[in-house]
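Asks: What follows is the file entry.txt, containing compact mmCIF, C-alpha atoms:
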# COMPACT_ATOMS: atom_id res chain seq x y z
CA MET A 1336 -11.70 -65.65 64.67
CA MET A 1337 -10.56 -69.25 64.27
CA THR A 1338 -13.16 -70.85 66.50
CA PRO A 1339 -15.34 -73.75 65.34
CA GLU A 1340 -18.46 -71.50 65.62
CA THR A 1341 -17.47 -69.27 62.70
CA TRP A 1342 -16.88 -72.38 60.61
CA SER A 1343 -20.15 -74.15 61.31
CA THR A 1344 -22.48 -73.03 58.50
CA GLY A 1345 -22.69 -73.34 54.72
CA ILE A 1346 -19.59 -74.51 52.93
CA TRP A 1347 -17.29 -73.72 55.89
CA PRO A 1348 -17.53 -77.07 57.75
CA TYR A 1349 -16.42 -78.79 54.53
CA LEU A 1350 -13.56 -76.37 53.99
CA ALA A 1351 -12.52 -76.68 57.64
CA LEU A 1352 -12.43 -80.47 57.32
CA ILE A 1353 -10.19 -80.30 54.25
CA LEU A 1354 -7.85 -77.64 55.66
CA PHE A 1355 -7.61 -78.73 59.30
CA GLY A 1356 -8.42 -82.45 59.07
CA PHE A 1357 -7.55 -83.89 55.67
CA LEU A 1358 -4.40 -81.97 54.68
CA PRO A 1359 -2.52 -82.28 58.02
CA SER A 1360 -3.12 -86.04 57.89
CA GLU A 1361 -2.56 -86.60 54.16
CA ILE A 1362 0.81 -84.81 54.20
CA TRP A 1363 2.43 -87.98 55.65
CA ARG A 1364 1.04 -90.21 52.90
CA PHE A 1365 2.24 -87.70 50.33
CA LEU A 1366 5.73 -87.41 51.85
CA SER A 1367 6.03 -91.20 51.98
CA ILE A 1368 5.87 -91.34 48.17
CA PHE A 1369 9.11 -89.36 47.90
CA ILE A 1370 10.79 -91.37 50.64
CA ALA A 1371 9.67 -94.72 49.20
CA HIS A 1372 10.74 -93.63 45.72
CA GLY A 1373 13.75 -95.68 44.70
CA VAL A 1374 13.58 -97.92 47.78
CA ASP A 1375 13.83 -101.50 46.62
CA GLU A 1376 11.29 -104.07 47.76
CA LYS A 1377 14.08 -106.24 49.17
CA SER A 1378 15.96 -103.39 50.86
CA GLU A 1379 17.02 -103.93 54.46
CA VAL A 1380 15.85 -100.42 55.35
CA LEU A 1381 12.28 -101.61 54.83
CA GLU A 1382 12.68 -104.04 57.70
CA TRP A 1383 13.53 -101.12 59.99
CA VAL A 1384 10.65 -99.00 58.65
CA ARG A 1385 8.25 -101.89 59.24
CA ALA A 1386 9.53 -102.26 62.80
CA VAL A 1387 8.98 -98.51 63.39
CA ALA A 1388 5.41 -98.80 62.06
CA THR A 1389 4.75 -101.85 64.27
CA ALA A 1390 6.05 -100.14 67.42
CA LEU A 1391 4.02 -97.01 66.57
CA LEU A 1392 0.82 -99.02 66.17
CA ALA A 1393 1.41 -100.87 69.44
CA GLY A 1394 1.90 -97.41 71.00
CA VAL A 1395 -1.48 -96.30 69.57
CA VAL A 1396 -3.11 -99.37 71.17
CA ALA A 1397 -1.50 -98.66 74.55
CA ASN A 1398 -2.58 -95.01 74.39
CA ILE A 1399 -6.21 -95.95 73.67
CA LEU A 1400 -6.13 -98.35 76.66
CA LEU A 1401 -4.55 -95.75 78.95
CA THR A 1402 -6.63 -92.71 77.98
CA PRO A 1403 -9.76 -93.86 76.15
CA ALA A 1404 -12.49 -91.58 74.83
CA GLY A 1405 -16.22 -91.61 75.56
CA ALA A 1406 -17.98 -94.71 76.86
CA LEU A 1407 -14.79 -96.78 77.09
CA ALA A 1408 -13.53 -94.46 79.84
CA SER A 1409 -16.29 -95.75 82.15
CA VAL A 1410 -14.59 -99.17 82.23
CA PRO A 1411 -11.72 -99.25 84.79
CA LEU A 1412 -8.14 -99.43 83.44
CA MET A 1413 -7.58 -102.91 84.91
CA ALA A 1414 -10.70 -104.25 83.17
CA ARG A 1415 -9.62 -102.70 79.84
CA CYS A 1416 -6.20 -104.37 80.12
CA ALA A 1417 -7.77 -107.66 81.23
CA ALA A 1418 -10.13 -107.69 78.22
CA LEU A 1419 -7.16 -107.13 75.88
CA ALA A 1420 -5.13 -109.87 77.60
CA LEU A 1421 -8.08 -112.26 77.45
CA GLY A 1422 -8.55 -111.58 73.74
CA LEU A 1423 -4.85 -112.18 73.07
CA THR A 1424 -4.89 -115.42 75.11
CA VAL A 1425 -7.80 -116.81 73.09
CA PHE A 1426 -6.01 -115.66 69.92
CA ALA A 1427 -2.93 -117.68 70.96
CA LEU A 1428 -4.99 -120.75 71.99
CA THR A 1429 -6.92 -120.80 68.71
CA ARG A 1430 -3.77 -120.95 66.57
CA ARG A 1431 -3.74 -117.23 65.81
CA SER A 1432 -7.40 -116.69 64.99
CA VAL A 1433 -7.89 -112.90 64.91
CA VAL A 1434 -11.68 -113.41 64.73
CA ALA A 1435 -11.73 -115.47 67.94
CA GLY A 1436 -9.43 -113.02 69.73
CA VAL A 1437 -11.43 -109.95 68.73
CA ALA A 1438 -14.78 -111.61 69.55
CA THR A 1439 -13.57 -112.66 73.03
CA GLY A 1440 -12.08 -109.24 73.82
CA GLU A 1441 -15.28 -107.53 72.66
CA ALA A 1442 -17.50 -109.83 74.75
CA ALA A 1443 -15.31 -109.15 77.78
CA ILE A 1444 -15.34 -105.35 77.40
CA ILE A 1445 -19.12 -105.19 76.81
CA LEU A 1446 -19.73 -107.31 79.92
CA ALA A 1447 -17.33 -105.11 81.90
CA ALA A 1448 -19.00 -101.91 80.66
CA TRP A 1449 -22.40 -103.33 81.59
CA TRP A 1450 -21.10 -104.41 85.02
CA PHE A 1451 -19.29 -101.20 85.98
CA ALA A 1452 -21.61 -98.60 84.46
CA PRO A 1453 -24.95 -100.13 83.53
CA MET B 1338 4.49 -120.91 25.43
CA GLN B 1339 5.25 -117.76 27.38
CA PRO B 1340 2.18 -115.68 28.20
CA PRO B 1341 2.50 -112.25 26.64
CA PRO B 1342 3.47 -109.39 29.01
CA GLU B 1343 0.64 -107.14 30.08
CA ARG B 1344 1.75 -103.95 28.49
CA PRO B 1345 4.42 -103.86 25.81
CA GLY B 1346 7.75 -102.62 27.07
CA GLU B 1347 6.94 -103.36 30.68
CA PRO B 1348 9.76 -105.19 32.46
CA THR B 1349 8.62 -108.67 33.40
CA THR B 1350 10.12 -108.80 36.86
CA ALA B 1351 7.43 -111.01 38.33
CA LYS B 1352 7.19 -114.70 37.73
CA LEU B 1353 4.53 -115.22 35.11
CA ASP B 1354 3.00 -118.41 36.39
CA ASP B 1355 -0.57 -119.51 35.74
CA THR B 1356 -2.11 -117.46 38.53
CA ALA B 1357 -0.40 -114.29 37.36
CA VAL B 1358 -2.32 -114.20 34.11
CA GLN B 1359 -5.76 -114.43 35.67
CA PRO B 1360 -7.68 -111.20 35.11
CA HIS B 1361 -7.23 -108.22 37.45
CA PHE B 1362 -10.85 -108.56 38.51
CA HIS B 1363 -10.16 -112.06 39.84
CA TRP B 1364 -7.47 -110.65 42.14
CA ALA B 1365 -9.61 -107.66 43.17
CA LEU B 1366 -12.25 -110.20 44.23
CA LYS B 1367 -9.60 -112.07 46.25
CA GLY B 1368 -8.77 -108.78 47.96
CA PHE B 1369 -12.45 -108.35 48.77
CA LEU B 1370 -12.58 -111.88 50.23
CA VAL B 1371 -9.66 -111.04 52.55
CA ALA B 1372 -11.61 -107.98 53.73
CA ALA B 1373 -14.81 -110.01 54.16
CA ARG B 1374 -13.15 -112.40 56.61
CA LEU B 1375 -13.09 -109.85 59.45
CA PRO B 1376 -11.68 -106.40 58.52
CA ILE B 1377 -14.92 -105.25 56.88
CA PHE B 1378 -16.76 -105.83 60.18
CA VAL B 1379 -14.02 -104.11 62.15
CA MET B 1380 -14.43 -101.10 59.83
CA ALA B 1381 -18.21 -101.21 60.18
CA PHE B 1382 -18.01 -101.08 63.98
CA THR B 1383 -15.25 -98.48 64.13
CA PHE B 1384 -17.04 -96.09 61.80
CA LEU B 1385 -20.37 -96.43 63.62
CA GLY B 1386 -18.49 -94.68 66.42
CA VAL B 1387 -17.03 -92.05 64.06
CA GLY B 1388 -20.48 -91.31 62.57
CA SER B 1389 -22.18 -90.85 65.92
CA LEU B 1390 -19.32 -88.65 67.15
CA ALA B 1391 -19.69 -86.46 64.04
CA ARG B 1392 -23.40 -86.04 64.77
CA GLU B 1393 -22.55 -84.97 68.34
CA ALA B 1394 -20.06 -82.45 66.94
CA GLY B 1395 -22.93 -80.84 65.03
CA VAL B 1396 -21.46 -81.10 61.53
CA PRO B 1397 -23.65 -81.97 58.51
CA LEU B 1398 -23.82 -85.62 57.38
CA GLY B 1399 -21.81 -84.67 54.28
CA VAL B 1400 -18.85 -83.64 56.45
CA ALA B 1401 -18.98 -86.96 58.33
CA LEU B 1402 -18.93 -88.92 55.05
CA LEU B 1403 -16.29 -86.65 53.49
CA SER B 1404 -14.05 -87.17 56.55
CA THR B 1405 -14.16 -90.94 55.98
CA LEU B 1406 -13.34 -90.54 52.27
CA THR B 1407 -10.59 -87.94 52.72
CA ILE B 1408 -8.93 -88.42 56.13
CA TRP B 1409 -9.47 -92.21 55.95
CA ALA B 1410 -7.92 -92.85 59.35
CA GLY B 1411 -10.30 -93.67 62.21
CA PRO B 1412 -8.21 -92.32 65.11
CA ALA B 1413 -7.62 -88.98 63.31
CA GLN B 1414 -11.36 -88.62 62.66
CA VAL B 1415 -12.12 -89.35 66.31
CA ILE B 1416 -9.64 -86.60 67.25
CA TYR B 1417 -11.19 -84.15 64.76
CA PHE B 1418 -14.80 -84.53 65.91
CA GLY B 1419 -13.84 -84.96 69.56
CA ALA B 1420 -11.90 -81.69 69.43
CA LEU B 1421 -14.80 -79.90 67.69
CA ILE B 1422 -17.09 -81.01 70.53
CA ASN B 1423 -14.62 -79.63 73.07
CA GLY B 1424 -14.34 -76.32 71.16
CA VAL B 1425 -10.63 -76.65 70.41
CA ALA B 1426 -9.30 -74.01 67.97
CA LEU B 1427 -8.96 -75.34 64.42
CA PRO B 1428 -5.17 -74.81 64.03
CA ALA B 1429 -4.65 -76.77 67.26
CA ILE B 1430 -6.87 -79.56 65.88
CA ALA B 1431 -4.77 -79.63 62.70
CA LEU B 1432 -1.58 -80.04 64.76
CA SER B 1433 -2.87 -82.94 66.85
CA ILE B 1434 -4.26 -84.68 63.74
CA SER B 1435 -0.94 -84.34 62.00
CA LEU B 1436 0.91 -85.79 65.00
CA SER B 1437 -1.47 -88.74 65.23
CA SER B 1438 -1.13 -89.47 61.51
CA VAL B 1439 2.68 -89.67 61.57
CA ARG B 1440 2.20 -93.44 61.66
CA LEU B 1441 0.97 -93.32 58.06
CA LEU B 1442 4.50 -92.43 56.91
CA PRO B 1443 6.32 -95.65 57.93
CA MET B 1444 3.24 -97.63 56.94
CA CYS B 1445 3.22 -96.23 53.38
CA VAL B 1446 7.02 -96.37 53.02
CA SER B 1447 7.06 -100.07 53.94
CA LEU B 1448 4.11 -101.00 51.71
CA LEU B 1449 4.52 -98.87 48.55
CA PRO B 1450 7.72 -100.54 47.25
CA MET B 1451 5.88 -103.87 47.28
CA LEU B 1452 2.84 -102.46 45.48
CA ARG B 1453 4.12 -100.22 42.69
CA ARG B 1454 5.90 -101.46 39.61
CA ALA B 1455 8.20 -99.78 37.14
CA GLY B 1456 5.26 -98.74 34.98
CA THR B 1457 3.00 -97.41 37.77
CA SER B 1458 2.20 -93.72 37.23
CA ARG B 1459 2.80 -91.05 39.87
CA ILE B 1460 -0.93 -90.34 40.16
CA ALA B 1461 -1.63 -94.04 40.74
CA VAL B 1462 1.00 -94.14 43.50
CA VAL B 1463 -0.60 -91.08 45.16
CA TYR B 1464 -3.95 -92.85 45.06
CA LEU B 1465 -2.48 -96.10 46.43
CA ALA B 1466 -0.85 -94.18 49.28
CA HIS B 1467 -4.18 -92.51 50.06
CA ASN B 1468 -5.77 -95.93 50.50
CA VAL B 1469 -3.22 -97.00 53.12
CA ALA B 1470 -4.64 -96.99 56.65
CA VAL B 1471 -3.99 -99.25 59.62
CA THR B 1472 -6.43 -102.01 58.65
CA ALA B 1473 -5.36 -102.11 55.00
CA TRP B 1474 -1.70 -102.11 56.08
CA ALA B 1475 -2.12 -104.84 58.69
CA GLU B 1476 -3.97 -107.05 56.21
CA SER B 1477 -1.52 -106.59 53.34
CA ILE B 1478 2.01 -106.15 54.73
CA ARG B 1479 2.43 -109.95 55.05
CA ALA B 1480 -0.16 -111.27 52.62
CA ILE B 1481 1.00 -109.16 49.65
CA ARG B 1482 4.19 -111.19 49.32
CA ASP B 1483 2.16 -114.16 48.12
CA ILE B 1484 0.34 -112.16 45.42
CA PRO B 1485 1.86 -112.16 41.91
CA HIS B 1486 3.70 -108.89 41.42
CA ASN B 1487 1.60 -107.71 38.47
CA ARG B 1488 -1.69 -108.32 40.33
CA ARG B 1489 -0.83 -106.73 43.67
CA ILE B 1490 -2.46 -103.37 42.86
CA ALA B 1491 -5.72 -105.06 41.80
CA TRP B 1492 -5.71 -107.15 44.98
CA PHE B 1493 -4.95 -104.14 47.19
CA ILE B 1494 -7.64 -101.95 45.58
CA GLY B 1495 -10.16 -104.79 45.97
CA LEU B 1496 -9.27 -104.99 49.65
CA THR B 1497 -9.22 -101.26 50.44
CA HIS B 1498 -12.27 -100.29 48.43
CA SER B 1499 -14.40 -102.88 50.23
CA LEU B 1500 -13.18 -101.32 53.48
CA VAL B 1501 -13.94 -97.75 52.31
CA ILE B 1502 -17.46 -98.71 51.20
CA ALA B 1503 -18.16 -100.50 54.50
CA ALA B 1504 -16.78 -97.50 56.41
CA CYS B 1505 -18.98 -95.00 54.51
CA ILE B 1506 -22.19 -97.01 55.03
CA SER B 1507 -21.33 -97.35 58.67
CA THR B 1508 -20.49 -93.65 59.10
CA TYR B 1509 -23.99 -92.91 57.77
CA VAL B 1510 -25.65 -95.47 60.09
CA GLY B 1511 -23.66 -94.20 63.08
CA TYR B 1512 -24.68 -90.61 62.24
CA ALA B 1513 -28.34 -91.65 62.02
CA LEU B 1514 -28.26 -93.71 65.24
CA ALA B 1515 -26.22 -91.26 67.36
CA GLY B 1516 -27.36 -91.23 70.98
CA ALA B 1517 -29.54 -94.33 70.55
CA LEU B 1518 -26.65 -96.77 71.15
CA PRO B 1519 -26.67 -98.54 74.55
CA HIS B 1520 -23.74 -97.52 76.75
CA ALA B 1521 -22.07 -100.96 76.95
CA PHE B 1522 -22.31 -101.31 73.16
CA ALA B 1523 -20.73 -97.89 72.67
CA ALA B 1524 -17.82 -98.98 74.88
CA GLY B 1525 -17.51 -102.11 72.73
CA LEU B 1526 -17.34 -100.00 69.54
CA LEU B 1527 -14.45 -97.97 70.94
CA PHE B 1528 -12.62 -101.13 72.04
CA ILE B 1529 -12.63 -102.73 68.59
CA THR B 1530 -9.68 -100.57 67.42
CA PRO B 1531 -7.17 -101.63 70.12
CA ILE B 1532 -8.17 -105.32 70.21
CA TYR B 1533 -8.14 -105.68 66.42
CA PHE B 1534 -4.88 -103.73 65.94
CA ILE B 1535 -3.00 -105.80 68.50
CA ALA B 1536 -4.40 -109.14 67.27
CA ALA B 1537 -3.56 -108.24 63.65
CA LEU B 1538 0.00 -107.22 64.66
CA ALA B 1539 0.41 -110.50 66.56
CA ARG B 1540 -0.87 -112.49 63.58
CA ASN B 1541 1.66 -110.74 61.30
CA ALA B 1542 4.53 -111.34 63.73
CA ARG B 1543 6.88 -114.06 62.51
CA GLU B 1544 10.37 -113.06 63.59
CA PRO B 1545 11.87 -111.66 66.82
CA ILE B 1546 11.93 -108.15 65.28
CA ASP B 1547 8.11 -108.12 65.07
CA TRP B 1548 7.57 -109.29 68.65
CA ILE B 1549 10.17 -106.89 70.06
CA ALA B 1550 8.75 -103.92 68.12
CA MET B 1551 5.24 -104.78 69.30
CA SER B 1552 6.08 -105.23 72.97
CA SER B 1553 8.37 -102.20 73.11
CA GLY B 1554 5.52 -100.08 71.74
CA LEU B 1555 3.19 -101.40 74.45
CA VAL B 1556 5.77 -100.87 77.21
CA LEU B 1557 7.15 -97.49 76.07
CA ALA B 1558 3.71 -95.84 75.76
CA PRO B 1559 2.88 -95.80 79.52
CA LEU B 1560 6.52 -94.98 80.38
CA LEU B 1561 6.64 -91.94 78.09
CA LYS B 1562 3.16 -90.71 79.08
CA GLY B 1563 3.67 -87.20 80.44
CA VAL B 1564 7.44 -87.33 79.87
CA VAL B 1565 7.40 -86.41 76.19
CA GLY B 1566 5.17 -83.52 75.13
CA ALA B 1567 1.64 -84.27 73.99
CA GLY B 1568 1.46 -86.04 70.66
CA LEU B 1569 5.21 -86.36 70.16
CA ASP B 1570 5.31 -89.49 72.34
CA LEU B 1571 4.12 -91.68 69.45
CA LEU B 1572 6.98 -90.48 67.26
CA VAL B 1573 9.50 -91.34 69.98
CA ILE B 1574 7.84 -94.72 70.64
CA GLY B 1575 7.99 -95.63 66.94
CA LEU B 1576 11.61 -94.59 66.39
CA ALA B 1577 12.97 -95.97 69.69
CA GLY B 1578 10.92 -99.20 69.66
CA GLY B 1579 11.49 -99.87 65.97
CA THR B 1580 15.24 -99.22 66.14
CA LEU B 1581 15.59 -101.36 69.26
CA ALA B 1582 13.77 -104.27 67.58
CA TRP B 1583 15.82 -103.88 64.40
CA GLY B 1584 19.16 -103.76 66.28
CA TRP B 1585 18.20 -106.74 68.43
CA GLN B 1586 17.29 -108.79 65.37
CA LYS B 1587 20.66 -107.91 63.78
CA ARG B 1588 22.47 -109.10 66.92
CA LEU B 1589 20.49 -112.36 67.00
CA ARG B 1590 21.29 -113.00 63.34
CA ALA B 1591 24.97 -112.20 63.80
CA ARG B 1592 25.12 -114.60 66.75
CA ALA B 1593 23.34 -117.34 64.80
CA ALA B 1594 25.76 -116.83 61.89
CA GLY B 1595 28.73 -116.95 64.28
CA GLU B 1596 27.52 -120.21 65.79
CA THR B 1597 27.05 -121.95 62.46
CA ALA B 1598 30.47 -120.75 61.31
CA ARG B 1599 32.16 -122.25 64.34
Represent the structure from my file as structure tokens, please.
Replies:
Amino acid sequence: MMTPETWSTGIWPYLALILFGFLPSEIWRFLSIFIAHGVDEKSEVLEWVRAVATALLAGVVANILLTPAGALASVPLMARCAALALGLTVFALTRRSVVAGVATGEAAIILAAWWFAP
Amino acid sequence: MQPPPERPGEPTTAKLDDTAVQPHFHWALKGFLVAARLPIFVMAFTFLGVGSLAREAGVPLGVALLSTLTIWAGPAQVIYFGALINGVALPAIALSISLSSVRLLPMCVSLLPMLRRAGTSRIAVVYLAHNVAVTAWAESIRAIRDIPHNRRIAWFIGLTHSLVIAACISTYVGYALAGALPHAFAAGLLFITPIYFIAALARNAREPIDWIAMSSGLVLAPLLKGVVGAGLDLLVIGLAGGTLAWGWQKRLRARAAGETAR
């Protein structure tokens, strides 16, 4: 019944996206409005919430490095970590230039992908 | 001469200096210029990947574009189309998307109080929250403090709407190019998310709490892999890492206060 095949024609793929993609994701943005309501900009709780968001995002990064999807999986784990470390090193050496860090990390991963799985 | 308040009856909480009375459009343009520095290109590359994945999943182009406009969270879209390709049942897809988007909650809660003002309508707040995604959050959570209070929404909308437009164009291009991308380039597209996220977090880090939260997230993720049930690990990482960083910072501050008192 609830397989992707029955949802793949006409209006159904759009409805499926809204019901099973958009709403389950948007619920968190919607809930946040009620939680943030009445929280002052200078509240100390915000510092904790920001720390939780930062740790969560760092966790997302680690998860992508550990279990990547598609073409990135063809690059060995060590090379993925090395490319990230290289990018961060250049970032630190260039007085926190995100552009330089991202460009270096990207160059490293593309070279690695070309080397390991041409 | 005091400049007149924007709307009558609105509390003038913000400092009304010279910059604060420049038109909203001026600040929206400044938001766009922040996006044009790098984030717009990060979006463009990320959503090339999303578009080509959507094509592989066999959905119409409209669904690919609608996913960018509605879900507006790259990793969740990758999960959605990836799961469709693997034939995962739709309710199971919904669950994993919801678990991956938990991060939007602390992101919105930390940003919204700095954006909205006393006069901001509920609908406007809903729309602002919808625009929050990792890139928009990482670019504004620090920078927004330097924007005059009554121009923050204009600045934020200028920033996020440039990102949304770039993402939509790129979703379309990715959908059209699917399969034609060289392998090494495809790997590069998928790597842009982790390298940009971590560099943006590091750029925003000023105090010990930021560094501790960041490194505990990186360390806890491999440790909790397989220990905590699928998807829930991120929730645990966020709460444990964030609380640890917050408590540590409190201890450091208390110690510093104790030393100066002595």
Asks: Taking into account only C-alpha atoms, which residue in the set B:Ala1491, B:Ala1391, B:Ala1598, B:Leu1557 is nearest to chain A?
Replies: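 Of all the options, B:Leu1557 lies closest to chain A.
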Asks: Per residue of chain B within 6 Å of chain A, note the shortest atom pair and the distance in Å to one decimal, counting only C-alpha atoms, and order the rows by chain and increasing residue number, as a tab-separated table.
Replies:
residue	atom	partner	partner_atom	distance
B:Val1400	CA	A:Tyr1349	CA	5.8
B:Thr1407	CA	A:Phe1357	CA	5.9
B:Ile1408	CA	A:Phe1357	CA	4.8
B:Ala1426	CA	A:Thr1338	CA	5.2
B:Ala1431	CA	A:Phe1355	CA	4.5
B:Ser1435	CA	A:Pro1359	CA	4.8
B:Ser1438	CA	A:Ser1360	CA	5.4
B:Leu1442	CA	A:Trp1363	CA	5.1
B:Pro1443	CA	A:Ala1388	CA	5.3
B:Met1444	CA	A:Ala1388	CA	5.7
B:Cys1445	CA	A:Ser1367	CA	5.9
B:Val1446	CA	A:Ala1371	CA	4.9
B:Ser1447	CA	A:Leu1381	CA	5.5
B:Pro1450	CA	A:Glu1376	CA	5.0
B:Met1451	CA	A:Glu1376	CA	5.4
B:Ala1466	CA	A:Arg1364	CA	5.7
B:Ala1521	CA	A:Ala1448	CA	4.9
B:Ala1523	CA	A:Ala1406	CA	5.9
B:Ala1524	CA	A:Leu1407	CA	4.3
B:Gly1525	CA	A:Ile1445	CA	5.4
B:Pro1531	CA	A:Val1396	CA	4.8
B:Ile1532	CA	A:Val1437	CA	5.9
B:Tyr1533	CA	A:Val1437	CA	5.9
B:Ala1536	CA	A:Val1433	CA	5.6
B:Arg1540	CA	A:Arg1431	CA	6.0
B:Ala1550	CA	A:Ala1390	CA	4.7
B:Met1551	CA	A:Ala1390	CA	5.1
B:Gly1554	CA	A:Ala1390	CA	4.4
B:Leu1555	CA	A:Ala1393	CA	5.3
B:Ala1558	CA	A:Gly1394	CA	5.3
B:Gly1575	CA	A:Leu1391	CA	4.2
B:Leu1576	CA	A:Val1387	CA	5.6
B:Gly1578	CA	A:Ala1390	CA	5.4
B:Gly1579	CA	A:Val1387	CA	3.8
B:Trp1583	CA	A:Trp1383	CA	5.7
Asks: Can you tell me how far atom CA of Tyr1512 of chain B sits from atom CA of Gly1424 of chain B, in Å to one decimal?
Replies: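 Atom CA of Gly1424 of chain B lies 19.8 Å from atom CA of Tyr1512 of chain B.
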Asks: Give me, as a ChimeraX atom specification, all polymer residues having an atom no more than 12 Å from segment 1501-1510 of chain B, counting all atoms listed in the file and skipping those fewer than 6 positions away in the same chain.
Replies: /B:1369,1372-1373,1375-1392,1397-1411,1414-1415,1467-1470,1472-1473,1494-1495,1516-1518,1526
Asks: Report, in Å with one decimal, the straight-line distance from atom CA of Ala1420 of chain B to atom CA of Ala1394 of chain B.
Replies: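 Value for the atom CA of Ala1420 of chain B-atom CA of Ala1394 of chain B distance: 8.6 Å.
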Asks: Rank nothing, just name the residue among B:Gln1586, B:Ala1461, B:Arg1482, B:Ala1594 nearest to Glu1379 of chain A, using all atoms listed in the file.
Replies: B:Gln1586
Asks: For a test of reading the model, state the distance in Å between atom CA of Arg1489 of chain B and atom CA of Leu1452 of chain B, rounded to one decimal.
Replies: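 Between atom CA of Arg1489 of chain B and atom CA of Leu1452 of chain B the gap is 5.9 Å.
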